[in-house]
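Shown here: protein15.cif, mmCIF, C-alpha atoms and all ligand atoms.
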```
data_model
loop_
_atom_site.group_PDB
_atom_site.id
_atom_site.type_symbol
_atom_site.label_atom_id
_atom_site.label_comp_id
_atom_site.auth_asym_id
_atom_site.auth_seq_id
_atom_site.Cartn_x
_atom_site.Cartn_y
_atom_site.Cartn_z
ATOM 1 C CA MET A 1 0.000 0.000 0.000
ATOM 2 C CA THR A 2 1.337 3.445 -0.802
ATOM 3 C CA GLU A 3 1.904 5.706 2.177
ATOM 4 C CA LYS A 4 -0.654 8.403 2.813
ATOM 5 C CA PHE A 5 0.409 11.873 3.867
ATOM 6 C CA LEU A 6 -0.867 14.931 5.715
ATOM 7 C CA GLY A 7 -1.260 18.187 3.793
ATOM 8 C CA SER A 8 -0.694 21.670 5.169
ATOM 9 C CA ILE A 9 -1.816 24.985 3.686
ATOM 10 C CA GLU A 10 -0.742 28.254 5.253
ATOM 11 C CA ALA A 11 -2.776 30.721 3.289
ATOM 12 C CA GLY A 12 -1.233 34.154 3.731
ATOM 13 C CA GLY A 13 -1.963 37.515 2.191
ATOM 14 C CA THR A 14 1.232 37.493 0.143
ATOM 15 C CA LYS A 15 1.965 33.794 -0.261
ATOM 16 C CA PHE A 16 0.517 30.335 0.220
ATOM 17 C CA VAL A 17 2.895 27.854 1.817
ATOM 18 C CA CYS A 18 1.932 24.235 1.181
ATOM 19 C CA GLY A 19 3.535 21.311 2.935
ATOM 20 C CA ILE A 20 3.461 17.552 2.977
ATOM 21 C CA GLY A 21 4.144 15.720 6.216
ATOM 22 C CA ASN A 22 4.005 12.340 7.863
ATOM 23 C CA ASP A 23 2.317 11.229 11.072
ATOM 24 C CA GLN A 24 5.395 12.281 13.071
ATOM 25 C CA LEU A 25 4.726 15.811 11.772
ATOM 26 C CA GLU A 26 7.982 15.772 9.843
ATOM 27 C CA ILE A 27 7.909 18.075 6.831
ATOM 28 C CA ILE A 28 8.658 16.120 3.653
ATOM 29 C CA GLU A 29 8.215 18.809 1.034
ATOM 30 C CA ARG A 30 7.243 22.453 1.186
ATOM 31 C CA VAL A 31 6.551 24.941 -1.586
ATOM 32 C CA SER A 32 5.214 28.447 -1.771
ATOM 33 C CA PHE A 33 2.955 30.183 -4.287
ATOM 34 C CA PRO A 34 2.166 33.889 -4.570
ATOM 35 C CA THR A 35 -1.314 34.920 -3.421
ATOM 36 C CA THR A 36 -2.975 36.267 -6.567
ATOM 37 C CA THR A 37 -6.538 35.166 -7.344
ATOM 38 C CA PRO A 38 -8.271 32.087 -5.917
ATOM 39 C CA GLU A 39 -8.424 30.553 -9.392
ATOM 40 C CA GLU A 40 -4.683 30.864 -9.966
ATOM 41 C CA THR A 41 -3.337 30.247 -6.484
ATOM 42 C CA VAL A 42 -5.623 27.397 -5.482
ATOM 43 C CA ALA A 43 -5.009 25.650 -8.835
ATOM 44 C CA LEU A 44 -1.286 25.588 -7.933
ATOM 45 C CA VAL A 45 -2.099 24.275 -4.454
ATOM 46 C CA ILE A 46 -4.269 21.499 -5.871
ATOM 47 C CA GLY A 47 -1.609 20.580 -8.453
ATOM 48 C CA PHE A 48 0.968 20.289 -5.682
ATOM 49 C CA PHE A 49 -1.146 18.012 -3.477
ATOM 50 C CA LYS A 50 -2.149 15.798 -6.418
ATOM 51 C CA LYS A 51 1.444 14.547 -6.556
ATOM 52 C CA TYR A 52 0.847 12.806 -3.231
ATOM 53 C CA ASN A 53 -1.622 10.428 -1.694
ATOM 54 C CA ILE A 54 -3.203 12.780 0.842
ATOM 55 C CA LYS A 55 -5.306 11.548 3.776
ATOM 56 C CA ALA A 56 -6.164 14.842 5.505
ATOM 57 C CA ILE A 57 -5.534 18.552 5.042
ATOM 58 C CA GLY A 58 -5.043 21.314 7.620
ATOM 59 C CA ILE A 59 -5.646 24.902 6.493
ATOM 60 C CA GLY A 60 -4.567 28.001 8.392
ATOM 61 C CA SER A 61 -5.918 30.966 6.480
ATOM 62 C CA PHE A 62 -5.773 34.744 6.481
ATOM 63 C CA GLY A 63 -9.144 36.122 7.385
ATOM 64 C CA PRO A 64 -11.631 36.948 8.438
ATOM 65 C CA ILE A 65 -12.934 33.440 7.831
ATOM 66 C CA ASP A 66 -16.064 31.505 8.764
ATOM 67 C CA ILE A 67 -15.077 28.800 11.253
ATOM 68 C CA HIS A 68 -18.562 27.715 12.315
ATOM 69 C CA LYS A 69 -19.227 24.211 11.033
ATOM 70 C CA ASP A 70 -23.010 24.673 11.036
ATOM 71 C CA SER A 71 -22.894 27.910 9.049
ATOM 72 C CA VAL A 72 -23.805 27.908 5.338
ATOM 73 C CA THR A 73 -20.627 29.832 4.643
ATOM 74 C CA TYR A 74 -18.375 27.561 6.744
ATOM 75 C CA GLY A 75 -14.941 27.343 5.183
ATOM 76 C CA HIS A 76 -15.232 30.651 3.362
ATOM 77 C CA ILE A 77 -12.895 33.618 3.523
ATOM 78 C CA THR A 78 -15.430 36.358 4.281
ATOM 79 C CA THR A 79 -14.995 40.140 4.428
ATOM 80 C CA THR A 80 -11.330 40.399 3.507
ATOM 81 C CA PRO A 81 -10.128 43.642 1.912
ATOM 82 C CA LYS A 82 -8.531 41.373 -0.733
ATOM 83 C CA LEU A 83 -11.456 41.648 -3.116
ATOM 84 C CA ALA A 84 -10.705 38.588 -5.249
ATOM 85 C CA TRP A 85 -10.934 36.454 -2.114
ATOM 86 C CA GLN A 86 -14.126 37.897 -0.664
ATOM 87 C CA ASP A 87 -16.693 35.169 0.058
ATOM 88 C CA TYR A 88 -14.365 32.566 -1.408
ATOM 89 C CA ASP A 89 -15.365 28.995 -0.551
ATOM 90 C CA PHE A 90 -11.885 27.755 0.292
ATOM 91 C CA VAL A 91 -12.808 24.468 1.985
ATOM 92 C CA GLY A 92 -15.399 23.748 -0.735
ATOM 93 C CA ALA A 93 -12.787 24.182 -3.469
ATOM 94 C CA MET A 94 -10.441 21.753 -1.719
ATOM 95 C CA LYS A 95 -13.229 19.261 -0.949
ATOM 96 C CA LYS A 96 -14.102 19.145 -4.629
ATOM 97 C CA GLU A 97 -10.633 17.821 -5.417
ATOM 98 C CA PHE A 98 -9.787 15.864 -2.276
ATOM 99 C CA ASP A 99 -12.338 13.660 -0.564
ATOM 100 C CA VAL A 100 -10.526 13.787 2.786
ATOM 101 C CA PRO A 101 -11.112 15.433 6.183
ATOM 102 C CA ILE A 102 -10.135 19.112 6.169
ATOM 103 C CA ALA A 103 -9.391 21.254 9.238
ATOM 104 C CA PHE A 104 -9.961 24.986 8.764
ATOM 105 C CA THR A 105 -8.821 27.734 11.080
ATOM 106 C CA THR A 106 -6.962 31.047 11.087
ATOM 107 C CA ASP A 107 -3.279 31.267 10.168
ATOM 108 C CA VAL A 108 -2.406 32.302 13.707
ATOM 109 C CA ASN A 109 -4.496 29.567 15.309
ATOM 110 C CA ALA A 110 -2.636 27.035 13.174
ATOM 111 C CA ALA A 111 0.733 28.440 14.260
ATOM 112 C CA ALA A 112 -0.448 28.470 17.882
ATOM 113 C CA TYR A 113 -1.398 24.816 17.505
ATOM 114 C CA GLY A 114 2.057 23.968 16.109
ATOM 115 C CA GLU A 115 3.772 25.454 19.145
ATOM 116 C CA TYR A 116 1.180 23.855 21.433
ATOM 117 C CA VAL A 117 1.793 20.318 20.189
ATOM 118 C CA ALA A 118 5.490 20.474 19.334
ATOM 119 C CA GLY A 119 7.032 23.766 20.442
ATOM 120 C CA ASN A 120 7.108 26.044 23.449
ATOM 121 C CA GLY A 121 3.550 25.124 24.415
ATOM 122 C CA ALA A 122 4.196 21.373 24.459
ATOM 123 C CA GLY A 123 3.182 19.786 27.731
ATOM 124 C CA LEU A 124 1.206 22.856 28.820
ATOM 125 C CA SER A 125 -2.563 23.189 28.832
ATOM 126 C CA SER A 126 -2.713 26.701 27.369
ATOM 127 C CA CYS A 127 -0.765 29.023 25.124
ATOM 128 C CA VAL A 128 -1.175 32.194 23.115
ATOM 129 C CA TYR A 129 0.745 32.750 19.883
ATOM 130 C CA TYR A 130 1.217 36.157 18.246
ATOM 131 C CA THR A 131 2.638 36.878 14.851
ATOM 132 C CA ILE A 132 4.156 40.317 14.333
ATOM 133 C CA GLY A 133 4.649 40.410 10.583
ATOM 134 C CA THR A 134 2.794 42.036 7.684
ATOM 135 C CA GLY A 135 -0.104 42.125 10.115
ATOM 136 C CA VAL A 136 -0.492 41.300 13.773
ATOM 137 C CA GLY A 137 -2.675 38.413 14.850
ATOM 138 C CA ALA A 138 -2.935 35.933 17.661
ATOM 139 C CA GLY A 139 -4.433 32.572 18.474
ATOM 140 C CA ALA A 140 -5.214 31.229 21.937
ATOM 141 C CA ILE A 141 -5.487 27.579 22.936
ATOM 142 C CA GLN A 142 -6.989 26.148 26.099
ATOM 143 C CA ASP A 143 -6.907 22.382 26.696
ATOM 144 C CA GLY A 144 -6.331 21.670 22.996
ATOM 145 C CA ARG A 145 -9.197 23.877 21.777
ATOM 146 C CA PHE A 146 -9.052 27.285 20.164
ATOM 147 C CA VAL A 147 -10.520 30.079 22.221
ATOM 148 C CA GLU A 148 -13.366 31.432 20.080
ATOM 149 C CA GLY A 149 -16.971 32.514 20.231
ATOM 150 C CA PHE A 150 -19.156 34.152 17.600
ATOM 151 C CA SER A 151 -15.919 34.191 15.584
ATOM 152 C CA HIS A 152 -12.158 33.870 16.023
ATOM 153 C CA PRO A 153 -10.238 36.413 18.132
ATOM 154 C CA GLU A 154 -8.648 39.440 16.458
ATOM 155 C CA MET A 155 -6.157 40.359 19.154
ATOM 156 C CA GLY A 156 -3.877 42.079 16.660
ATOM 157 C CA HIS A 157 -6.242 45.047 16.612
ATOM 158 C CA MET A 158 -6.329 45.680 20.355
ATOM 159 C CA ILE A 159 -6.005 49.281 21.462
ATOM 160 C CA VAL A 160 -2.551 50.196 22.739
ATOM 161 C CA LYS A 161 -1.230 53.200 24.635
ATOM 162 C CA ARG A 162 1.025 55.342 22.513
ATOM 163 C CA HIS A 163 4.716 55.462 23.437
ATOM 164 C CA GLU A 164 5.545 59.010 24.560
ATOM 165 C CA ALA A 165 8.289 59.346 21.928
ATOM 166 C CA ASP A 166 6.134 58.006 19.088
ATOM 167 C CA GLN A 167 4.553 60.518 16.691
ATOM 168 C CA PHE A 168 3.370 57.963 14.125
ATOM 169 C CA SER A 169 -0.349 58.178 13.425
ATOM 170 C CA GLY A 170 -0.710 54.459 12.744
ATOM 171 C CA SER A 171 -1.285 52.404 9.622
ATOM 172 C CA CYS A 172 -4.386 50.300 10.291
ATOM 173 C CA PRO A 173 -7.092 51.214 7.751
ATOM 174 C CA PHE A 174 -9.767 50.510 10.373
ATOM 175 C CA HIS A 175 -8.318 51.923 13.610
ATOM 176 C CA ASN A 176 -5.108 53.798 12.737
ATOM 177 C CA ASP A 177 -3.204 53.308 15.987
ATOM 178 C CA CYS A 178 -4.234 49.818 17.145
ATOM 179 C CA LEU A 179 -1.505 47.255 17.878
ATOM 180 C CA GLU A 180 -1.202 46.226 14.214
ATOM 181 C CA GLY A 181 -1.316 49.853 13.085
ATOM 182 C CA MET A 182 1.590 50.742 15.385
ATOM 183 C CA ALA A 183 3.735 47.621 15.505
ATOM 184 C CA ALA A 184 3.361 45.488 12.346
ATOM 185 C CA GLY A 185 6.137 45.437 9.728
ATOM 186 C CA PRO A 186 4.469 47.986 7.406
ATOM 187 C CA ALA A 187 4.016 50.423 10.328
ATOM 188 C CA ILE A 188 7.742 50.177 11.069
ATOM 189 C CA GLU A 189 8.546 50.778 7.415
ATOM 190 C CA LYS A 190 6.245 53.803 7.130
ATOM 191 C CA ARG A 191 7.730 55.383 10.253
ATOM 192 C CA ALA A 192 11.376 54.737 9.478
ATOM 193 C CA GLY A 193 11.335 54.960 5.685
ATOM 194 C CA LYS A 194 12.988 51.539 5.568
ATOM 195 C CA LYS A 195 12.113 47.996 6.473
ATOM 196 C CA GLY A 196 12.510 46.605 9.989
ATOM 197 C CA GLN A 197 15.245 44.262 8.831
ATOM 198 C CA GLU A 198 17.257 47.294 7.711
ATOM 199 C CA LEU A 199 17.129 49.054 11.098
ATOM 200 C CA ALA A 200 20.195 48.704 13.320
ATOM 201 C CA GLU A 201 19.878 46.673 16.493
ATOM 202 C CA ASP A 202 20.663 49.757 18.561
ATOM 203 C CA ASP A 203 18.081 51.931 16.798
ATOM 204 C CA PRO A 204 16.026 53.619 19.538
ATOM 205 C CA PHE A 205 12.880 52.577 17.661
ATOM 206 C CA TRP A 206 13.149 49.040 19.046
ATOM 207 C CA ASP A 207 12.297 50.387 22.520
ATOM 208 C CA ILE A 208 9.068 51.746 21.052
ATOM 209 C CA GLU A 209 8.307 48.467 19.296
ATOM 210 C CA ALA A 210 9.038 46.522 22.486
ATOM 211 C CA TYR A 211 6.620 48.755 24.395
ATOM 212 C CA TYR A 212 3.774 47.794 22.029
ATOM 213 C CA VAL A 213 4.655 44.097 22.059
ATOM 214 C CA ALA A 214 4.812 44.238 25.869
ATOM 215 C CA GLN A 215 1.317 45.726 25.939
ATOM 216 C CA ALA A 216 0.049 42.776 23.916
ATOM 217 C CA ALA A 217 1.650 40.450 26.475
ATOM 218 C CA TYR A 218 0.235 42.508 29.342
ATOM 219 C CA ASN A 219 -3.326 42.513 27.990
ATOM 220 C CA THR A 220 -3.089 38.808 27.197
ATOM 221 C CA THR A 221 -1.850 38.038 30.697
ATOM 222 C CA LEU A 222 -4.717 39.886 32.338
ATOM 223 C CA MET A 223 -7.405 38.481 30.035
ATOM 224 C CA LEU A 224 -6.325 34.864 29.585
ATOM 225 C CA ALA A 225 -3.454 34.163 31.982
ATOM 226 C CA PRO A 226 -2.030 31.536 29.611
ATOM 227 C CA GLU A 227 0.938 29.405 30.627
ATOM 228 C CA VAL A 228 3.077 30.801 27.831
ATOM 229 C CA ILE A 229 2.926 33.681 25.313
ATOM 230 C CA ILE A 230 4.878 33.131 22.105
ATOM 231 C CA PHE A 231 5.814 35.980 19.751
ATOM 232 C CA GLY A 232 6.700 34.988 16.198
ATOM 233 C CA GLY A 233 6.588 36.590 12.750
ATOM 234 C CA GLY A 234 9.221 38.488 10.774
ATOM 235 C CA VAL A 235 9.557 41.448 13.139
ATOM 236 C CA MET A 236 10.369 39.145 16.075
ATOM 237 C CA LYS A 237 13.443 37.952 14.179
ATOM 238 C CA GLN A 238 14.931 40.913 16.022
ATOM 239 C CA ARG A 239 15.756 38.610 18.900
ATOM 240 C CA HIS A 240 17.366 41.452 20.883
ATOM 241 C CA MET A 241 13.825 42.762 21.385
ATOM 242 C CA LEU A 242 12.797 39.965 23.738
ATOM 243 C CA PRO A 243 14.704 41.262 26.808
ATOM 244 C CA LYS A 244 13.303 44.729 26.054
ATOM 245 C CA VAL A 245 9.778 43.267 25.912
ATOM 246 C CA HIS A 246 10.383 41.554 29.261
ATOM 247 C CA ARG A 247 11.500 44.850 30.807
ATOM 248 C CA GLU A 248 8.532 46.811 29.464
ATOM 249 C CA PHE A 249 6.150 44.025 30.501
ATOM 250 C CA GLU A 250 7.480 44.098 34.071
ATOM 251 C CA LYS A 251 6.989 47.850 34.207
ATOM 252 C CA LEU A 252 3.406 47.568 32.937
ATOM 253 C CA VAL A 253 2.446 44.741 35.317
ATOM 254 C CA ASN A 254 4.105 46.575 38.200
ATOM 255 C CA GLY A 255 3.844 43.584 40.516
ATOM 256 C CA TYR A 256 0.090 43.187 40.129
ATOM 257 C CA VAL A 257 0.215 39.532 39.034
ATOM 258 C CA THR A 258 2.920 36.929 39.447
ATOM 259 C CA THR A 259 3.552 35.246 36.118
ATOM 260 C CA PRO A 260 5.817 32.284 35.370
ATOM 261 C CA PRO A 261 9.489 33.380 35.026
ATOM 262 C CA LEU A 262 9.615 35.763 32.053
ATOM 263 C CA GLU A 263 12.293 33.863 30.111
ATOM 264 C CA LYS A 264 9.843 30.949 30.005
ATOM 265 C CA TYR A 265 6.628 32.969 29.846
ATOM 266 C CA ILE A 266 7.254 35.449 27.020
ATOM 267 C CA VAL A 267 9.228 33.641 24.347
ATOM 268 C CA THR A 268 9.829 33.299 20.596
ATOM 269 C CA PRO A 269 8.742 30.145 18.701
ATOM 270 C CA LYS A 270 10.677 26.968 19.414
ATOM 271 C CA LEU A 271 9.719 25.774 15.928
ATOM 272 C CA GLU A 272 11.413 28.877 14.444
ATOM 273 C CA ASP A 273 9.865 29.254 10.955
ATOM 274 C CA ASP A 274 7.714 26.112 11.138
ATOM 275 C CA PRO A 275 4.896 26.630 13.664
ATOM 276 C CA GLY A 276 2.343 27.238 10.887
ATOM 277 C CA THR A 277 3.250 24.208 8.787
ATOM 278 C CA ILE A 278 3.554 21.870 11.760
ATOM 279 C CA GLY A 279 0.329 23.244 13.213
ATOM 280 C CA CYS A 280 -1.574 22.615 9.968
ATOM 281 C CA LEU A 281 -0.159 19.067 9.773
ATOM 282 C CA ALA A 282 -1.174 18.438 13.396
ATOM 283 C CA LEU A 283 -4.664 19.812 12.748
ATOM 284 C CA ALA A 284 -4.959 17.559 9.696
ATOM 285 C CA LYS A 285 -3.864 14.549 11.767
ATOM 286 C CA LYS A 286 -6.413 15.401 14.464
ATOM 287 C CA GLU A 287 -9.194 15.099 11.867
ATOM 288 C CA LEU A 288 -8.434 11.391 11.306
HETATM 289 P P1 LIG A 301 3.861 37.517 6.754
HETATM 290 O O1 LIG A 301 3.342 38.251 7.942
HETATM 291 O O2 LIG A 301 3.556 38.205 5.468
HETATM 292 O O3 LIG A 301 3.509 36.067 6.766
HETATM 293 P P2 LIG A 301 6.489 37.870 7.937
HETATM 294 O O4 LIG A 301 6.091 37.306 9.256
HETATM 295 O O5 LIG A 301 7.847 37.515 7.425
HETATM 296 O O6 LIG A 301 5.472 37.505 6.805
HETATM 297 O O7 LIG A 301 6.388 39.438 8.064
HETATM 298 C C1 LIG A 301 6.823 40.324 7.086
HETATM 299 C C2 LIG A 301 7.071 41.681 7.723
HETATM 300 O O8 LIG A 301 8.073 41.555 8.747
HETATM 301 C C3 LIG A 301 7.586 42.720 6.756
HETATM 302 O O9 LIG A 301 6.951 43.948 7.048
HETATM 303 C C4 LIG A 301 9.075 42.783 7.039
HETATM 304 O O10 LIG A 301 9.608 44.056 6.796
HETATM 305 C C5 LIG A 301 9.153 42.420 8.503
HETATM 306 N N1 LIG A 301 10.388 41.691 8.791
HETATM 307 C C6 LIG A 301 10.801 40.541 8.204
HETATM 308 N N2 LIG A 301 11.999 40.166 8.684
HETATM 309 C C7 LIG A 301 12.348 41.092 9.605
HETATM 310 C C8 LIG A 301 13.483 41.272 10.457
HETATM 311 N N3 LIG A 301 14.509 40.425 10.452
HETATM 312 N N4 LIG A 301 13.474 42.333 11.279
HETATM 313 C C9 LIG A 301 12.444 43.196 11.303
HETATM 314 N N5 LIG A 301 11.371 43.099 10.514
HETATM 315 C C10 LIG A 301 11.317 42.059 9.673
HETATM 316 ZN ZN ZN A 302 -6.636 47.781 13.557
#
```
Turn the structure described in the file into structure tokens.
Ligand code: ADP
Ligand code: ZN
Amino acid sequence: MTEKFLGSIEAGGTKFVCGIGNDQLEIIERVSFPTTTPEETVALVIGFFKKYNIKAIGIGSFGPIDIHKDSVTYGHITTTPKLAWQDYDFVGAMKKEFDVPIAFTTDVNAAAYGEYVAGNGAGLSSCVYYTIGTGVGAGAIQDGRFVEGFSHPEMGHMIVKRHEADQFSGSCPFHNDCLEGMAAGPAIEKRAGKKGQELAEDDPFWDIEAYYVAQAAYNTTLMLAPEVIIFGGGVMKQRHMLPKVHREFEKLVNGYVTTPPLEKYIVTPKLEDDPGTIGCLALAKKEL
């Protein structure tokens, strides 16, 4: 009998990353396709998976998406500003080609799940995962389930206090100076006139960035008190920020709650660049 594999789709606003994995959640092949139109991009995704014998697929998608299984639009990308993808029946398109179980959640939930099963959340009962990248988003897990209600959380758009040295008006088209509007990669670029990866490690801006990231950790601590908070995404590749985030977090908490030791509580992903892929594979496996 030919071996059957797990499929992973990280559907992002700029690229789709597709992976093939085995039951040990080892990544066997991974490719990436630019996010253009559903017709073009999803055709490439389908072509890639057809090379393998797939037994289940895990999708972590940009949103907003409909995650309610009893909804008529379950599996759709809904009110995204990316017009070509509005009301796109993502799960339906995959189901048409692959008669296998499909897990569908947000990109950040999938990454949170990866760290929960195989990264810095392994062995714990709760974790929250943030990505600070092109956007800011977060997923929360409690006892193996995603924290959600009428929809999935949108923690990336929480309100933050402005840093006293920060004049930037914010770049979120909905709220201007929410967390994403102040701290995501494009906000850094607009402020500085160059990309985050081009800023020196000792640029004073990183104190401002750390202040916003620390506020996300602070709000998360007070609202969910998870066992660990993981910060991933391109901007967090600035590893020197983590001690700054710890310092700002301590100042904000001001002794009000006792958290686990900060070097274990506020961390970067153990799975480095793989939490999303491994999370999607694990979600696919869970469907079997
Ligand atoms: P996406 O969010 O699109 O999946 P990333 O998490 O890589 O992808 O985020 C991309 C954003 O992160 C860009 O705005 C980019 O400028 C910024 N970024 C990427 N790498 C770094 C880095 N090493 N330092 C600071 N910012 C970075
Ligand atoms: Zn916003």
Contacts of A:Leu252 at 12 Å (all atoms listed in the file; same-chain gap of 5+ positions) as a PyMOL selection string: chain A and resi 161+210-219+221-222+245-247+257
Exercise on stretch 188-202 of chain A, axis-aligned box with 3 Å per side, report centre and edge lengths in Å to one decimal, as lines of an AutoDock Vina configuration file:
```
center_x = 13.5
center_y = 49.8
center_z = 12.1
size_x = 20.4
size_y = 17.1
size_z = 19.0
```
message: Show me, as a PyMOL selection string, the residues that have an atom within 6 Å of A:Phe62 when counting all atoms listed in the file, minus same-chain residues fewer than 2 positions from it.
response: chain A and resi 11-12+107
Write the residues you've just listed into a file as a compact mmCIF listing (two decimals), in the coordinates of the input, and include C-alpha atoms for each of them.
```txt
# COMPACT_ATOMS: atom_id res chain seq x y z
CA ALA A 11 -2.78 30.72 3.29
CA GLY A 12 -1.23 34.15 3.73
CA ASP A 107 -3.28 31.27 10.17
```
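Using the PyMOL selection byres (((not hetatm)) within 8 of (chain A and resi 302)) on the file at hand returns these residues: Gly156, His157, Met158, Cys172, Pro173, Phe174, His175, Asn176, Asp177, Cys178, Leu179, Glu180 and Gly181 of chain A.
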Using all atoms listed in the file - which residues lie no farther than 12 Å from the point (10.5, 30.5, 22.0) in the file's frame? Write them as a PDB file with C-alpha atoms, keeping the file's coordinate frame.
```pdb
ATOM      1  CA  ALA A 112      -0.448  28.470  17.882  1.00  0.00           C
ATOM      2  CA  GLU A 115       3.772  25.454  19.145  1.00  0.00           C
ATOM      3  CA  TYR A 116       1.180  23.855  21.433  1.00  0.00           C
ATOM      4  CA  ALA A 118       5.490  20.474  19.334  1.00  0.00           C
ATOM      5  CA  GLY A 119       7.032  23.766  20.442  1.00  0.00           C
ATOM      6  CA  ASN A 120       7.108  26.044  23.449  1.00  0.00           C
ATOM      7  CA  GLY A 121       3.550  25.124  24.415  1.00  0.00           C
ATOM      8  CA  ALA A 122       4.196  21.373  24.459  1.00  0.00           C
ATOM      9  CA  CYS A 127      -0.765  29.023  25.124  1.00  0.00           C
ATOM     10  CA  VAL A 128      -1.175  32.194  23.115  1.00  0.00           C
ATOM     11  CA  TYR A 129       0.745  32.750  19.883  1.00  0.00           C
ATOM     12  CA  TYR A 130       1.217  36.157  18.246  1.00  0.00           C
ATOM     13  CA  VAL A 228       3.077  30.801  27.831  1.00  0.00           C
ATOM     14  CA  ILE A 229       2.926  33.681  25.313  1.00  0.00           C
ATOM     15  CA  ILE A 230       4.878  33.131  22.105  1.00  0.00           C
ATOM     16  CA  PHE A 231       5.814  35.980  19.751  1.00  0.00           C
ATOM     17  CA  GLY A 232       6.700  34.988  16.198  1.00  0.00           C
ATOM     18  CA  GLY A 233       6.588  36.590  12.750  1.00  0.00           C
ATOM     19  CA  MET A 236      10.369  39.145  16.075  1.00  0.00           C
ATOM     20  CA  LYS A 237      13.443  37.952  14.179  1.00  0.00           C
ATOM     21  CA  ARG A 239      15.756  38.610  18.900  1.00  0.00           C
ATOM     22  CA  LEU A 242      12.797  39.965  23.738  1.00  0.00           C
ATOM     23  CA  LEU A 262       9.615  35.763  32.053  1.00  0.00           C
ATOM     24  CA  GLU A 263      12.293  33.863  30.111  1.00  0.00           C
ATOM     25  CA  LYS A 264       9.843  30.949  30.005  1.00  0.00           C
ATOM     26  CA  TYR A 265       6.628  32.969  29.846  1.00  0.00           C
ATOM     27  CA  ILE A 266       7.254  35.449  27.020  1.00  0.00           C
ATOM     28  CA  VAL A 267       9.228  33.641  24.347  1.00  0.00           C
ATOM     29  CA  THR A 268       9.829  33.299  20.596  1.00  0.00           C
ATOM     30  CA  PRO A 269       8.742  30.145  18.701  1.00  0.00           C
ATOM     31  CA  LYS A 270      10.677  26.968  19.414  1.00  0.00           C
ATOM     32  CA  LEU A 271       9.719  25.774  15.928  1.00  0.00           C
ATOM     33  CA  GLU A 272      11.413  28.877  14.444  1.00  0.00           C
ATOM     34  CA  ASP A 273       9.865  29.254  10.955  1.00  0.00           C
ATOM     35  CA  PRO A 275       4.896  26.630  13.664  1.00  0.00           C
TER      36      PRO A 275
END
```
query: If you apply the PyMOL selection byres (((chain A and resi 48) around 12) and not hetatm) to this file, what residues do you get, as a list in words?
result: Gly7, Ser8, Ile9, Phe16, Val17, Cys18, Gly19, Ile20, Glu29, Arg30, Val31, Ser32, Phe33, Thr41, Val42, Ala43, Leu44, Val45, Ile46, Gly47, Phe49, Lys50, Lys51, Tyr52, Asn53, Ile54 and Glu97 of chain A
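Residues of protein, DNA or RNA having any atom at most 7 Å from ligand LIG 301 (chain A), counting all atoms listed in the file, are Gly12, Gly13, Thr14, Thr131, Ile132, Gly133, Thr134, Gly135, Ala184, Gly185, Pro186, Glu189, Lys195, Gly196, Gln197, Gly233, Gly234, Val235, Met236, Lys237 and Gln238 of chain A.
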Tell me which residues the PyMOL selection byres (((chain A and resi 277-287) around 7) and not hetatm) grabs here, as an mmCIF file with C-alpha atoms, in the frame of the given file.
```
data_model
loop_
_atom_site.group_PDB
_atom_site.id
_atom_site.type_symbol
_atom_site.label_atom_id
_atom_site.label_comp_id
_atom_site.auth_asym_id
_atom_site.auth_seq_id
_atom_site.Cartn_x
_atom_site.Cartn_y
_atom_site.Cartn_z
ATOM 1 C CA LEU A 6 -0.867 14.931 5.715
ATOM 2 C CA GLY A 7 -1.260 18.187 3.793
ATOM 3 C CA SER A 8 -0.694 21.670 5.169
ATOM 4 C CA ILE A 9 -1.816 24.985 3.686
ATOM 5 C CA GLU A 10 -0.742 28.254 5.253
ATOM 6 C CA GLY A 19 3.535 21.311 2.935
ATOM 7 C CA GLY A 21 4.144 15.720 6.216
ATOM 8 C CA LEU A 25 4.726 15.811 11.772
ATOM 9 C CA ALA A 56 -6.164 14.842 5.505
ATOM 10 C CA ILE A 57 -5.534 18.552 5.042
ATOM 11 C CA GLY A 58 -5.043 21.314 7.620
ATOM 12 C CA ILE A 59 -5.646 24.902 6.493
ATOM 13 C CA GLY A 60 -4.567 28.001 8.392
ATOM 14 C CA PRO A 101 -11.112 15.433 6.183
ATOM 15 C CA ILE A 102 -10.135 19.112 6.169
ATOM 16 C CA ALA A 103 -9.391 21.254 9.238
ATOM 17 C CA ALA A 110 -2.636 27.035 13.174
ATOM 18 C CA ALA A 111 0.733 28.440 14.260
ATOM 19 C CA TYR A 113 -1.398 24.816 17.505
ATOM 20 C CA GLY A 114 2.057 23.968 16.109
ATOM 21 C CA ASP A 274 7.714 26.112 11.138
ATOM 22 C CA PRO A 275 4.896 26.630 13.664
ATOM 23 C CA GLY A 276 2.343 27.238 10.887
ATOM 24 C CA LEU A 288 -8.434 11.391 11.306
#
```
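Nearest residue to A:Ile65 among A:Pro38, A:Gly123, A:Pro153, A:Gly193 is A:Pro153, counting only C-alpha atoms.
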query: Which protein, DNA or RNA residues are at most 9 Å from (-5.7, 40.7, -4.1) in the file's coordinates when you count only C-alpha atoms, listed as a list of chain:residue names?
result: A:Gly13, A:Thr14, A:Thr35, A:Thr36, A:Thr37, A:Pro81, A:Lys82, A:Leu83, A:Ala84, A:Trp85
field: For atom CA of A:Val253 and atom CA of A:Asn109, the interatomic separation in Å (one decimal)
entry: 26.1 Å
Atomic separation - atom CA of A:Gly92 relative to atom CA of A:Phe150, Å: 21.4 Å
- request: Would you mind listing what lies within 10 Å of A:Ile67 as a VMD selection string, with all atoms listed in the file counted and same-chain residues fewer than 2 positions away left out?
  value: chain A and resid 64 to 65 69 to 71 73 to 77 103 to 106 148 to 152
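What separates atom CA of A:Val108 from atom CA of A:Ala138 is a distance of 5.4 Å.
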